[in-house]
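Shown next: protein_6.json, given as JSON, C-alpha atoms.
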```json
[["chain", "number", "residue", "atom", "x", "y", "z"],
["A", 4, "MET", "CA", -68.38, -28.04, -31.84],
["A", 5, "ALA", "CA", -68.38, -26.03, -28.65],
["A", 6, "LYS", "CA", -67.71, -22.33, -28.86],
["A", 7, "ASN", "CA", -64.44, -22.53, -26.87],
["A", 8, "THR", "CA", -63.20, -25.40, -29.03],
["A", 9, "VAL", "CA", -63.92, -23.44, -32.20],
["A", 10, "SER", "CA", -62.09, -20.39, -30.83],
["A", 11, "THR", "CA", -59.06, -22.44, -29.97],
["A", 12, "ALA", "CA", -58.99, -24.13, -33.35],
["A", 13, "LEU", "CA", -59.28, -20.82, -35.16],
["A", 14, "ALA", "CA", -56.50, -19.29, -33.05],
["A", 15, "CYS", "CA", -54.26, -22.25, -33.76],
["A", 16, "GLY", "CA", -55.03, -22.09, -37.44],
["A", 17, "LEU", "CA", -54.24, -18.40, -37.66],
["A", 18, "THR", "CA", -51.00, -18.84, -35.75],
["A", 19, "LEU", "CA", -49.85, -21.95, -37.55],
["A", 20, "SER", "CA", -48.80, -20.10, -40.67],
["A", 21, "LEU", "CA", -46.52, -17.88, -38.60],
["A", 22, "VAL", "CA", -44.96, -19.92, -35.82],
["A", 23, "GLY", "CA", -46.93, -23.12, -35.44],
["A", 24, "CYS", "CA", -48.86, -24.27, -32.45],
["A", 25, "VAL", "CA", -46.12, -26.29, -30.78],
["A", 26, "THR", "CA", -44.07, -24.47, -28.11],
["A", 27, "THR", "CA", -40.33, -25.18, -28.54],
["A", 28, "ALA", "CA", -37.32, -24.38, -26.30],
["A", 29, "PRO", "CA", -34.89, -21.70, -27.52],
["A", 30, "PRO", "CA", -31.83, -23.06, -29.29],
["A", 31, "VAL", "CA", -28.79, -23.74, -27.13],
["A", 32, "ILE", "CA", -25.71, -21.89, -28.37],
["A", 33, "THR", "CA", -22.40, -23.38, -27.38],
["A", 34, "THR", "CA", -18.90, -21.95, -27.75],
["A", 35, "ASN", "CA", -17.25, -25.27, -28.48],
["A", 36, "ASN", "CA", -16.61, -24.26, -32.06],
["A", 37, "TYR", "CA", -15.50, -20.68, -31.41],
["A", 38, "ASN", "CA", -11.96, -19.58, -30.68],
["A", 39, "VAL", "CA", -11.03, -16.65, -28.42],
["A", 40, "ASP", "CA", -8.73, -14.43, -30.48],
["A", 41, "SER", "CA", -6.38, -12.41, -28.26],
["A", 42, "LYS", "CA", -4.02, -11.33, -31.05],
["A", 43, "THR", "CA", -5.94, -9.63, -33.84],
["A", 44, "TYR", "CA", -7.16, -6.65, -31.81],
["A", 45, "GLN", "CA", -5.57, -5.18, -28.68],
["A", 46, "ALA", "CA", -6.74, -2.24, -26.57],
["A", 47, "THR", "CA", -4.33, 0.49, -25.50],
["A", 48, "GLY", "CA", -6.46, 1.71, -22.59],
["A", 49, "LYS", "CA", -5.14, -0.59, -19.90],
["A", 50, "SER", "CA", -2.64, -0.85, -17.05],
["A", 51, "GLU", "CA", -1.36, -3.37, -14.54],
["A", 52, "ARG", "CA", -3.73, -4.43, -11.76],
["A", 53, "ILE", "CA", -0.94, -4.34, -9.15],
["A", 54, "LYS", "CA", -0.28, -0.70, -8.23],
["A", 55, "THR", "CA", 1.23, -0.78, -4.75],
["A", 56, "ILE", "CA", 3.75, -2.69, -2.64],
["A", 57, "VAL", "CA", 2.99, -2.62, 1.09],
["A", 58, "LEU", "CA", 5.74, -3.52, 3.57],
["A", 59, "HIS", "CA", 4.96, -4.84, 7.06],
["A", 60, "TYR", "CA", 6.69, -6.24, 10.12],
["A", 61, "THR", "CA", 5.18, -9.24, 11.86],
["A", 62, "VAL", "CA", 5.67, -8.29, 15.56],
["A", 63, "SER", "CA", 6.55, -11.93, 16.16],
["A", 64, "ASP", "CA", 9.25, -14.56, 15.75],
["A", 65, "ASN", "CA", 9.69, -16.91, 12.81],
["A", 66, "GLU", "CA", 7.50, -19.77, 14.03],
["A", 67, "ARG", "CA", 4.56, -17.62, 15.11],
["A", 68, "SER", "CA", 4.79, -15.48, 11.98],
["A", 69, "ILE", "CA", 4.59, -18.57, 9.77],
["A", 70, "LYS", "CA", 1.62, -19.93, 11.72],
["A", 71, "THR", "CA", -0.26, -16.63, 11.71],
["A", 72, "LEU", "CA", 0.24, -16.00, 8.01],
["A", 73, "THR", "CA", -0.55, -19.52, 6.83],
["A", 74, "THR", "CA", -3.38, -20.70, 9.08],
["A", 75, "GLY", "CA", -5.29, -17.59, 10.13],
["A", 76, "ASN", "CA", -7.40, -14.91, 8.48],
["A", 77, "VAL", "CA", -4.42, -12.72, 7.65],
["A", 78, "SER", "CA", -1.89, -13.43, 4.94],
["A", 79, "ALA", "CA", 0.72, -11.84, 2.71],
["A", 80, "HIS", "CA", 2.16, -12.64, -0.66],
["A", 81, "TYR", "CA", 5.70, -12.91, 0.69],
["A", 82, "LEU", "CA", 7.38, -13.61, 4.03],
["A", 83, "ILE", "CA", 10.99, -12.82, 4.91],
["A", 84, "LEU", "CA", 12.25, -14.62, 8.02],
["A", 85, "ASP", "CA", 15.07, -13.41, 10.24],
["A", 86, "LYS", "CA", 17.16, -16.57, 9.94],
["A", 87, "ASP", "CA", 20.24, -17.09, 7.81],
["A", 88, "ASP", "CA", 18.90, -18.85, 4.72],
["A", 89, "ASN", "CA", 18.66, -18.06, 1.02],
["A", 90, "LYS", "CA", 14.87, -18.12, 0.78],
["A", 91, "ILE", "CA", 12.03, -15.66, 0.37],
["A", 92, "TYR", "CA", 8.76, -17.46, 1.05],
["A", 93, "ASN", "CA", 5.85, -16.97, -1.36],
["A", 94, "LEU", "CA", 2.66, -17.63, 0.65],
["A", 95, "VAL", "CA", 0.00, -16.33, -1.77],
["A", 96, "PRO", "CA", 0.33, -16.27, -5.58],
["A", 97, "GLU", "CA", 0.62, -12.74, -6.93],
["A", 98, "SER", "CA", -2.46, -13.39, -9.07],
["A", 99, "GLU", "CA", -4.53, -13.88, -5.90],
["A", 100, "ARG", "CA", -5.64, -11.47, -3.19],
["A", 101, "ALA", "CA", -3.76, -11.65, 0.11],
["A", 102, "TRP", "CA", -5.37, -10.29, 3.28],
["A", 103, "HIS", "CA", -2.62, -8.00, 4.52],
["A", 104, "ALA", "CA", -3.66, -4.36, 4.15],
["A", 105, "GLY", "CA", -7.04, -3.92, 5.84],
["A", 106, "ASP", "CA", -8.80, -0.57, 6.20],
["A", 107, "GLY", "CA", -7.00, 2.47, 4.87],
["A", 108, "GLY", "CA", -5.80, 3.83, 1.57],
["A", 109, "PHE", "CA", -3.15, 5.62, -0.38],
["A", 110, "ALA", "CA", -2.99, 7.66, -3.58],
["A", 111, "GLY", "CA", -6.72, 7.57, -4.11],
["A", 112, "ARG", "CA", -7.26, 3.85, -3.57],
["A", 113, "THR", "CA", -9.06, 2.60, -0.49],
["A", 114, "ILE", "CA", -9.16, -1.20, -0.92],
["A", 115, "LEU", "CA", -5.46, -1.94, -1.31],
["A", 116, "ASN", "CA", -5.77, -5.70, -0.86],
["A", 117, "ASP", "CA", -7.18, -5.74, -4.39],
["A", 118, "THR", "CA", -4.29, -3.91, -6.06],
["A", 119, "SER", "CA", -1.23, -4.51, -3.92],
["A", 120, "ILE", "CA", 1.49, -7.00, -3.08],
["A", 121, "GLY", "CA", 2.02, -7.50, 0.65],
["A", 122, "ILE", "CA", 5.44, -8.32, 2.08],
["A", 123, "GLU", "CA", 5.81, -9.35, 5.73],
["A", 124, "ILE", "CA", 9.22, -9.17, 7.43],
["A", 125, "VAL", "CA", 9.81, -10.97, 10.70],
["A", 126, "ASN", "CA", 10.65, -8.32, 13.28],
["A", 127, "ALA", "CA", 9.63, -7.81, 16.92],
["A", 128, "GLY", "CA", 8.58, -4.24, 16.21],
["A", 129, "ILE", "CA", 9.15, -2.63, 19.61],
["A", 130, "LYS", "CA", 11.91, -3.52, 22.05],
["A", 131, "PRO", "CA", 10.56, -5.39, 25.12],
["A", 132, "GLU", "CA", 11.58, -2.69, 27.58],
["A", 133, "TYR", "CA", 9.53, -0.07, 25.71],
["A", 134, "ARG", "CA", 6.34, -1.97, 24.94],
["A", 135, "ASP", "CA", 4.37, -0.34, 27.77],
["A", 136, "ALA", "CA", 5.86, 3.12, 27.28],
["A", 137, "LEU", "CA", 2.67, 4.69, 25.91],
["A", 138, "LYS", "CA", 0.39, 3.41, 28.64],
["A", 139, "ASN", "CA", 1.14, 6.05, 31.29],
["A", 140, "GLY", "CA", 0.23, 8.91, 28.96],
["A", 141, "THR", "CA", 3.59, 10.67, 28.97],
["A", 142, "LEU", "CA", 4.22, 9.81, 25.30],
["A", 143, "ASP", "CA", 1.82, 10.09, 22.38],
["A", 144, "TYR", "CA", 4.14, 8.47, 19.84],
["A", 145, "ARG", "CA", 7.15, 6.18, 19.96],
["A", 146, "PRO", "CA", 10.60, 7.65, 19.31],
["A", 147, "TYR", "CA", 13.25, 6.07, 17.11],
["A", 148, "GLU", "CA", 15.00, 4.15, 19.88],
["A", 149, "HIS", "CA", 11.88, 2.12, 20.73],
["A", 150, "TYR", "CA", 12.01, 0.22, 17.44],
["A", 151, "VAL", "CA", 13.87, -3.00, 16.58],
["A", 152, "ALA", "CA", 16.30, -2.92, 13.67],
["A", 153, "PHE", "CA", 16.17, -5.32, 10.72],
["A", 154, "ASN", "CA", 19.15, -7.55, 10.01],
["A", 155, "GLU", "CA", 21.34, -7.14, 6.96],
["A", 156, "LEU", "CA", 20.18, -10.29, 5.19],
["A", 157, "GLN", "CA", 16.55, -9.21, 5.51],
["A", 158, "ILE", "CA", 17.33, -5.86, 3.93],
["A", 159, "LYS", "CA", 19.06, -7.54, 0.98],
["A", 160, "LYS", "CA", 16.12, -9.90, 0.48],
["A", 161, "VAL", "CA", 13.65, -7.01, 0.61],
["A", 162, "ALA", "CA", 15.74, -5.12, -1.93],
["A", 163, "GLN", "CA", 15.85, -8.02, -4.40],
["A", 164, "LEU", "CA", 12.16, -8.82, -4.03],
["A", 165, "VAL", "CA", 10.87, -5.24, -4.28],
["A", 166, "GLN", "CA", 13.12, -4.44, -7.24],
["A", 167, "ASP", "CA", 11.70, -7.42, -9.11],
["A", 168, "ILE", "CA", 8.04, -6.74, -8.29],
["A", 169, "ALA", "CA", 8.28, -3.00, -9.00],
["A", 170, "ALA", "CA", 9.88, -3.64, -12.39],
["A", 171, "ARG", "CA", 7.38, -6.31, -13.46],
["A", 172, "TYR", "CA", 4.33, -4.20, -12.59],
["A", 173, "ASP", "CA", 5.85, -0.79, -13.36],
["A", 174, "ILE", "CA", 5.00, 0.46, -9.87],
["A", 175, "SER", "CA", 5.50, 4.15, -9.15],
["A", 176, "PRO", "CA", 8.27, 4.73, -6.55],
["A", 177, "LYS", "CA", 5.88, 6.62, -4.27],
["A", 178, "ASN", "CA", 3.53, 3.65, -4.22],
["A", 179, "ILE", "CA", 6.09, 1.50, -2.43],
["A", 180, "ILE", "CA", 4.85, 2.19, 1.08],
["A", 181, "GLY", "CA", 4.68, 0.96, 4.63],
["A", 182, "HIS", "CA", 1.57, -0.30, 6.39],
["A", 183, "ALA", "CA", 1.61, 2.90, 8.47],
["A", 184, "ASP", "CA", 1.46, 5.06, 5.33],
["A", 185, "MET", "CA", -1.89, 3.57, 4.32],
["A", 186, "ALA", "CA", -3.38, 3.05, 7.82],
["A", 187, "PRO", "CA", -1.76, 5.71, 10.04],
["A", 188, "SER", "CA", -4.30, 5.52, 12.87],
["A", 189, "ARG", "CA", -4.02, 1.72, 13.12],
["A", 190, "LYS", "CA", -0.46, 0.76, 12.22],
["A", 191, "ILE", "CA", 3.13, 1.88, 12.74],
["A", 192, "ASP", "CA", 4.96, -0.82, 10.78],
["A", 193, "PRO", "CA", 7.50, -1.32, 9.34],
["A", 194, "GLY", "CA", 8.66, 1.23, 11.94],
["A", 195, "ALA", "CA", 11.30, 3.91, 12.29],
["A", 196, "LYS", "CA", 14.22, 1.55, 11.68],
["A", 197, "PHE", "CA", 13.10, 0.27, 8.32],
["A", 198, "PRO", "CA", 15.82, 1.66, 6.01],
["A", 199, "TRP", "CA", 13.79, 3.55, 3.40],
["A", 200, "LYS", "CA", 16.60, 5.98, 2.59],
["A", 201, "ARG", "CA", 19.19, 3.24, 2.18],
["A", 202, "LEU", "CA", 16.90, 1.22, -0.10],
["A", 203, "TYR", "CA", 16.45, 4.31, -2.25],
["A", 204, "ILE", "CA", 20.15, 5.21, -2.41],
["A", 205, "ASP", "CA", 21.66, 1.71, -2.70],
["A", 206, "TYR", "CA", 18.98, -0.09, -4.67],
["A", 207, "GLY", "CA", 16.83, 2.57, -6.35],
["A", 208, "ILE", "CA", 13.75, 1.42, -4.44],
["A", 209, "GLY", "CA", 10.88, 3.67, -3.44],
["A", 210, "ALA", "CA", 10.65, 7.43, -3.13],
["A", 211, "TRP", "CA", 12.96, 9.85, -1.36],
["A", 212, "TYR", "CA", 13.32, 13.61, -1.43],
["A", 213, "ASP", "CA", 16.31, 15.51, -2.81],
["A", 214, "GLU", "CA", 18.27, 17.26, -0.06],
["A", 215, "PHE", "CA", 18.73, 20.37, -2.21],
["A", 216, "ASP", "CA", 14.96, 20.74, -2.57],
["A", 217, "LYS", "CA", 14.40, 20.21, 1.13],
["A", 218, "GLN", "CA", 16.88, 22.95, 2.00],
["A", 219, "PHE", "CA", 15.32, 25.25, -0.57],
["A", 220, "PHE", "CA", 11.88, 24.90, 1.00],
["A", 221, "LEU", "CA", 13.32, 25.24, 4.49],
["A", 222, "ASN", "CA", 14.98, 28.51, 3.53],
["A", 223, "GLN", "CA", 11.73, 29.76, 2.04],
["A", 224, "ASP", "CA", 10.05, 29.15, 5.41],
["A", 225, "GLY", "CA", 6.69, 28.45, 3.83],
["A", 226, "PHE", "CA", 5.62, 26.67, 7.00],
["A", 227, "ALA", "CA", 5.34, 30.01, 8.83],
["A", 228, "SER", "CA", 2.54, 31.19, 6.57],
["A", 229, "ALA", "CA", 0.92, 27.86, 5.57],
["A", 230, "THR", "CA", -2.53, 27.17, 6.96],
["A", 231, "ILE", "CA", -3.53, 23.79, 8.33],
["A", 232, "PRO", "CA", -5.89, 23.13, 5.38],
["A", 233, "GLU", "CA", -3.04, 23.97, 2.96],
["A", 234, "ILE", "CA", -0.67, 21.57, 4.70],
["A", 235, "LYS", "CA", -3.29, 18.82, 4.76],
["A", 236, "GLN", "CA", -3.87, 19.33, 1.06],
["A", 237, "ALA", "CA", -0.13, 18.83, 0.50],
["A", 238, "PHE", "CA", -0.35, 15.49, 2.32],
["A", 239, "ARG", "CA", -3.29, 14.48, 0.13],
["A", 240, "GLN", "CA", -1.37, 15.59, -2.96],
["A", 241, "TYR", "CA", 1.38, 13.13, -2.11],
["A", 242, "GLY", "CA", -1.06, 10.30, -1.42],
["A", 243, "TYR", "CA", -1.91, 10.27, 2.29],
["A", 244, "GLN", "CA", -5.49, 10.08, 3.48],
["A", 245, "ILE", "CA", -6.06, 12.92, 5.94],
["A", 246, "ASN", "CA", -9.20, 14.66, 7.15],
["A", 247, "ASP", "CA", -10.17, 18.22, 6.28],
["A", 248, "THR", "CA", -10.55, 19.68, 9.77],
["A", 249, "ASP", "CA", -8.69, 22.91, 10.50],
["A", 250, "THR", "CA", -6.96, 21.50, 13.57],
["A", 251, "TRP", "CA", -4.18, 19.02, 14.22],
["A", 252, "ASP", "CA", -6.43, 16.48, 15.89],
["A", 253, "LYS", "CA", -5.22, 12.98, 16.80],
["A", 254, "ALA", "CA", -6.15, 11.46, 13.43],
["A", 255, "SER", "CA", -4.22, 14.21, 11.63],
["A", 256, "ARG", "CA", -1.21, 13.82, 13.89],
["A", 257, "ASP", "CA", -1.24, 10.08, 13.18],
["A", 258, "VAL", "CA", -0.69, 10.93, 9.51],
["A", 259, "ILE", "CA", 2.19, 13.26, 10.40],
["A", 260, "TYR", "CA", 3.76, 10.50, 12.52],
["A", 261, "ALA", "CA", 3.43, 7.91, 9.74],
["A", 262, "PHE", "CA", 5.00, 10.35, 7.30],
["A", 263, "GLN", "CA", 7.89, 11.01, 9.70],
["A", 264, "LEU", "CA", 8.43, 7.28, 10.30],
["A", 265, "HIS", "CA", 8.99, 6.98, 6.56],
["A", 266, "PHE", "CA", 10.84, 10.20, 5.69],
["A", 267, "ARG", "CA", 12.28, 11.52, 9.00],
["A", 268, "PRO", "CA", 12.57, 8.36, 11.08],
["A", 269, "GLN", "CA", 15.06, 9.60, 13.66],
["A", 270, "GLN", "CA", 12.64, 12.29, 14.83],
["A", 271, "PRO", "CA", 9.10, 10.94, 14.59],
["A", 272, "THR", "CA", 7.10, 13.22, 16.88],
["A", 273, "GLY", "CA", 3.63, 13.45, 15.36],
["A", 274, "ASN", "CA", 3.96, 17.23, 15.40],
["A", 275, "MET", "CA", 4.02, 19.36, 12.27],
["A", 276, "ASP", "CA", 7.15, 21.49, 11.95],
["A", 277, "SER", "CA", 9.14, 23.34, 9.31],
["A", 278, "GLU", "CA", 11.41, 20.41, 8.42],
["A", 279, "THR", "CA", 8.53, 17.98, 7.98],
["A", 280, "TYR", "CA", 6.77, 20.52, 5.77],
["A", 281, "ALA", "CA", 9.92, 21.11, 3.70],
["A", 282, "ILE", "CA", 10.32, 17.35, 3.15],
["A", 283, "LEU", "CA", 6.66, 17.07, 2.12],
["A", 284, "GLN", "CA", 7.04, 19.93, -0.37],
["A", 285, "ALA", "CA", 10.23, 18.42, -1.78],
["A", 286, "LEU", "CA", 8.51, 15.06, -2.27],
["A", 287, "ASN", "CA", 5.54, 16.67, -3.98],
["A", 288, "GLN", "CA", 7.82, 18.57, -6.30],
["A", 289, "LYS", "CA", 9.50, 15.32, -7.29],
["A", 290, "TYR", "CA", 6.66, 12.80, -7.35],
["A", 291, "ALA", "CA", 3.16, 14.34, -7.16],
["A", 292, "GLY", "CA", 1.00, 13.48, -10.14],
["A", 293, "LYS", "CA", 3.11, 10.46, -11.09],
["A", 294, "ASP", "CA", 0.87, 7.70, -9.75],
["A", 295, "ASP", "CA", -0.29, 6.05, -13.00],
["A", 296, "PHE", "CA", -3.41, 5.25, -10.98],
["A", 297, "TYR", "CA", -5.97, 5.23, -13.79]]
```

Spit out the file's structure as structure tokens when you get a sec.
Amino acid sequence: MAKNTVSTALACGLTLSLVGCVTTAPPVITTNNYNVDSKTYQATGKSERIKTIVLHYTVSDNERSIKTLTTGNVSAHYLILDKDDNKIYNLVPESERAWHAGDGGFAGRTILNDTSIGIEIVNAGIKPEYRDALKNGTLDYRPYEHYVAFNELQIKKVAQLVQDIAARYDISPKNIIGHADMAPSRKIDPGAKFPWKRLYIDYGIGAWYDEFDKQFFLNQDGFASATIPEIKQAFRQYGYQINDTDTWDKASRDVIYAFQLHFRPQQPTGNMDSETYAILQALNQKYAGKDDFY
């Protein structure tokens, strides 16, 4: 017997008592006979995936809004038309991710498409006669009168829809926001004429400051002594993304404007002033730290 043959035979003989000489595939384990038990044990460390409701306007009419939101690369979970019907259109299931938010963030989250419900409302946005008003450089930001109002039926539909979604997902009032709140350098919707205050007072939707607190902070005149970094930190405390420069550069002023569109819509200037600061302090006193954003 050749030397190599003897070596192989000996190796096989020595191994045979342990595992044998035949190479076999690992056993295939299937789960056909195993049940997934979702009742015996339940974790307490959990929360809803949906954390935010983002409200938009379409800057278009009904037909173009439907086409854009159903055939293109943008979408929303819900669409509210401006015609007299009894429908709210569900375009994307709530369990799926709609492409409505884009770059930006709020309350510590920066990919809001993953954790938000997007609602689009048909609205032209800016009145035709004012659409070129920023091009000559005399205005940095649009005033209240440039915006188009929403009709009464749309407001009622928004109220019903947002009430339902917020209750089902236990969404914090301050996380019911506009597109401008999460992307202030890109977006201005739903604009100065979206009725945030009315939705809060009449339907209990969203966040709003208490007038007593606002007046208290105004009388304190904290704005006179507040530094720019301190004011920016107050914006971050509420949820806005704002840079940490010590100047009111354009990106910082965009945040101020978005905040004013939401909470002081009749005077959205993009400039920081004592009233804006008092409103911000009043909101932080009422809502800061109540995100449930684990």

I'd like to know which of A:Lys289, A:Lys196, A:His103, A:Lys159 is closest to Ile56 in chain A, using all atoms listed in the file. A:His103

Determine, counting all atoms listed in the file, every residue of protein, DNA or RNA that lies within 9 Å of (-6.6, 20.9, 10.2) in the file coordinates, then give the result as number ranges by chain. A: 230-235, 246-252, 255

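Candidate residues A:Thr61, A:Asn116, A:Asn178, A:Ser50 were compared for distance to Ile191 in chain A, and the nearest is A:Thr61, using only C-alpha atoms.
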
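In this comparison, which uses only C-alpha atoms, the residue of A:Ser98, A:Gln218, A:Thr73, A:Asn89 approaching Gln163 in chain A most closely is A:Asn89.
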
So, counting all atoms listed in the file, which residue among A:Val77, A:Leu202, A:Ile208, A:Ala291 is closest to Glu123 in chain A? A:Val77

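Nearest to Ala281 in chain A of all the residues A:Lys217, A:Lys253, A:Lys138, A:Lys49 is A:Lys217, counting only C-alpha atoms.
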
Two-atom distance - CA of Phe226 in chain A, CA of Arg145 in chain A (Å): 24.3 Å

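Between CA of Glu155 in chain A and CA of Val62 in chain A the separation is 17.9 Å.
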
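Checking A:Asp85, A:Ile53, A:His59, A:Val125 one by one against Arg100 in chain A, counting only C-alpha atoms, you find the shortest gap at A:Ile53.
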
Missing atoms in range 81-96 of chain A: can you complete it with N, CA, C and O atoms, as a short mmCIF file (atom, residue, chain, number, x, y, z; two decimals), in the frame of the given file?
```cif
data_model
loop_
_atom_site.label_atom_id
_atom_site.label_comp_id
_atom_site.auth_asym_id
_atom_site.auth_seq_id
_atom_site.Cartn_x
_atom_site.Cartn_y
_atom_site.Cartn_z
N TYR A 81 4.33 -12.47 0.42
CA TYR A 81 5.70 -12.91 0.69
C TYR A 81 6.02 -12.76 2.18
O TYR A 81 5.52 -11.86 2.86
N LEU A 82 6.89 -13.65 2.65
CA LEU A 82 7.38 -13.61 4.03
C LEU A 82 8.90 -13.72 4.02
O LEU A 82 9.46 -14.61 3.37
N ILE A 83 9.53 -12.82 4.76
CA ILE A 83 10.99 -12.82 4.91
C ILE A 83 11.30 -13.09 6.38
O ILE A 83 10.96 -12.28 7.25
N LEU A 84 11.90 -14.24 6.65
CA LEU A 84 12.25 -14.62 8.02
C LEU A 84 13.52 -13.89 8.46
O LEU A 84 14.19 -13.23 7.68
N ASP A 85 13.84 -14.05 9.75
CA ASP A 85 15.07 -13.41 10.24
C ASP A 85 16.19 -14.43 10.48
O ASP A 85 17.12 -14.19 11.23
N LYS A 86 16.09 -15.58 9.81
CA LYS A 86 17.16 -16.57 9.94
C LYS A 86 18.06 -16.53 8.71
O LYS A 86 17.71 -15.98 7.66
N ASP A 87 19.22 -17.13 8.85
CA ASP A 87 20.24 -17.09 7.81
C ASP A 87 19.98 -18.19 6.78
O ASP A 87 20.52 -19.29 6.87
N ASP A 88 19.12 -17.91 5.81
CA ASP A 88 18.90 -18.85 4.72
C ASP A 88 18.83 -18.05 3.42
O ASP A 88 18.94 -16.82 3.42
N ASN A 89 18.67 -18.73 2.32
CA ASN A 89 18.66 -18.06 1.02
C ASN A 89 17.26 -18.00 0.42
O ASN A 89 17.11 -17.92 -0.79
N LYS A 90 16.24 -18.01 1.27
CA LYS A 90 14.87 -18.12 0.78
C LYS A 90 14.04 -16.88 1.10
O LYS A 90 14.19 -16.25 2.15
N ILE A 91 13.14 -16.58 0.16
CA ILE A 91 12.03 -15.66 0.37
C ILE A 91 10.78 -16.50 0.14
O ILE A 91 10.63 -17.13 -0.91
N TYR A 92 9.88 -16.53 1.12
CA TYR A 92 8.76 -17.46 1.05
C TYR A 92 7.54 -16.81 0.41
O TYR A 92 7.07 -15.75 0.85
N ASN A 93 7.04 -17.44 -0.64
CA ASN A 93 5.85 -16.97 -1.36
C ASN A 93 4.63 -17.70 -0.80
O ASN A 93 4.44 -18.89 -1.05
N LEU A 94 3.79 -17.01 -0.04
CA LEU A 94 2.66 -17.63 0.65
C LEU A 94 1.36 -17.55 -0.14
O LEU A 94 0.49 -18.41 0.02
N VAL A 95 1.21 -16.52 -0.95
CA VAL A 95 0.00 -16.33 -1.77
C VAL A 95 0.46 -15.98 -3.18
O VAL A 95 1.31 -15.10 -3.34
N PRO A 96 -0.06 -16.64 -4.21
CA PRO A 96 0.33 -16.27 -5.58
C PRO A 96 0.00 -14.80 -5.86
O PRO A 96 -1.00 -14.27 -5.37
#
```
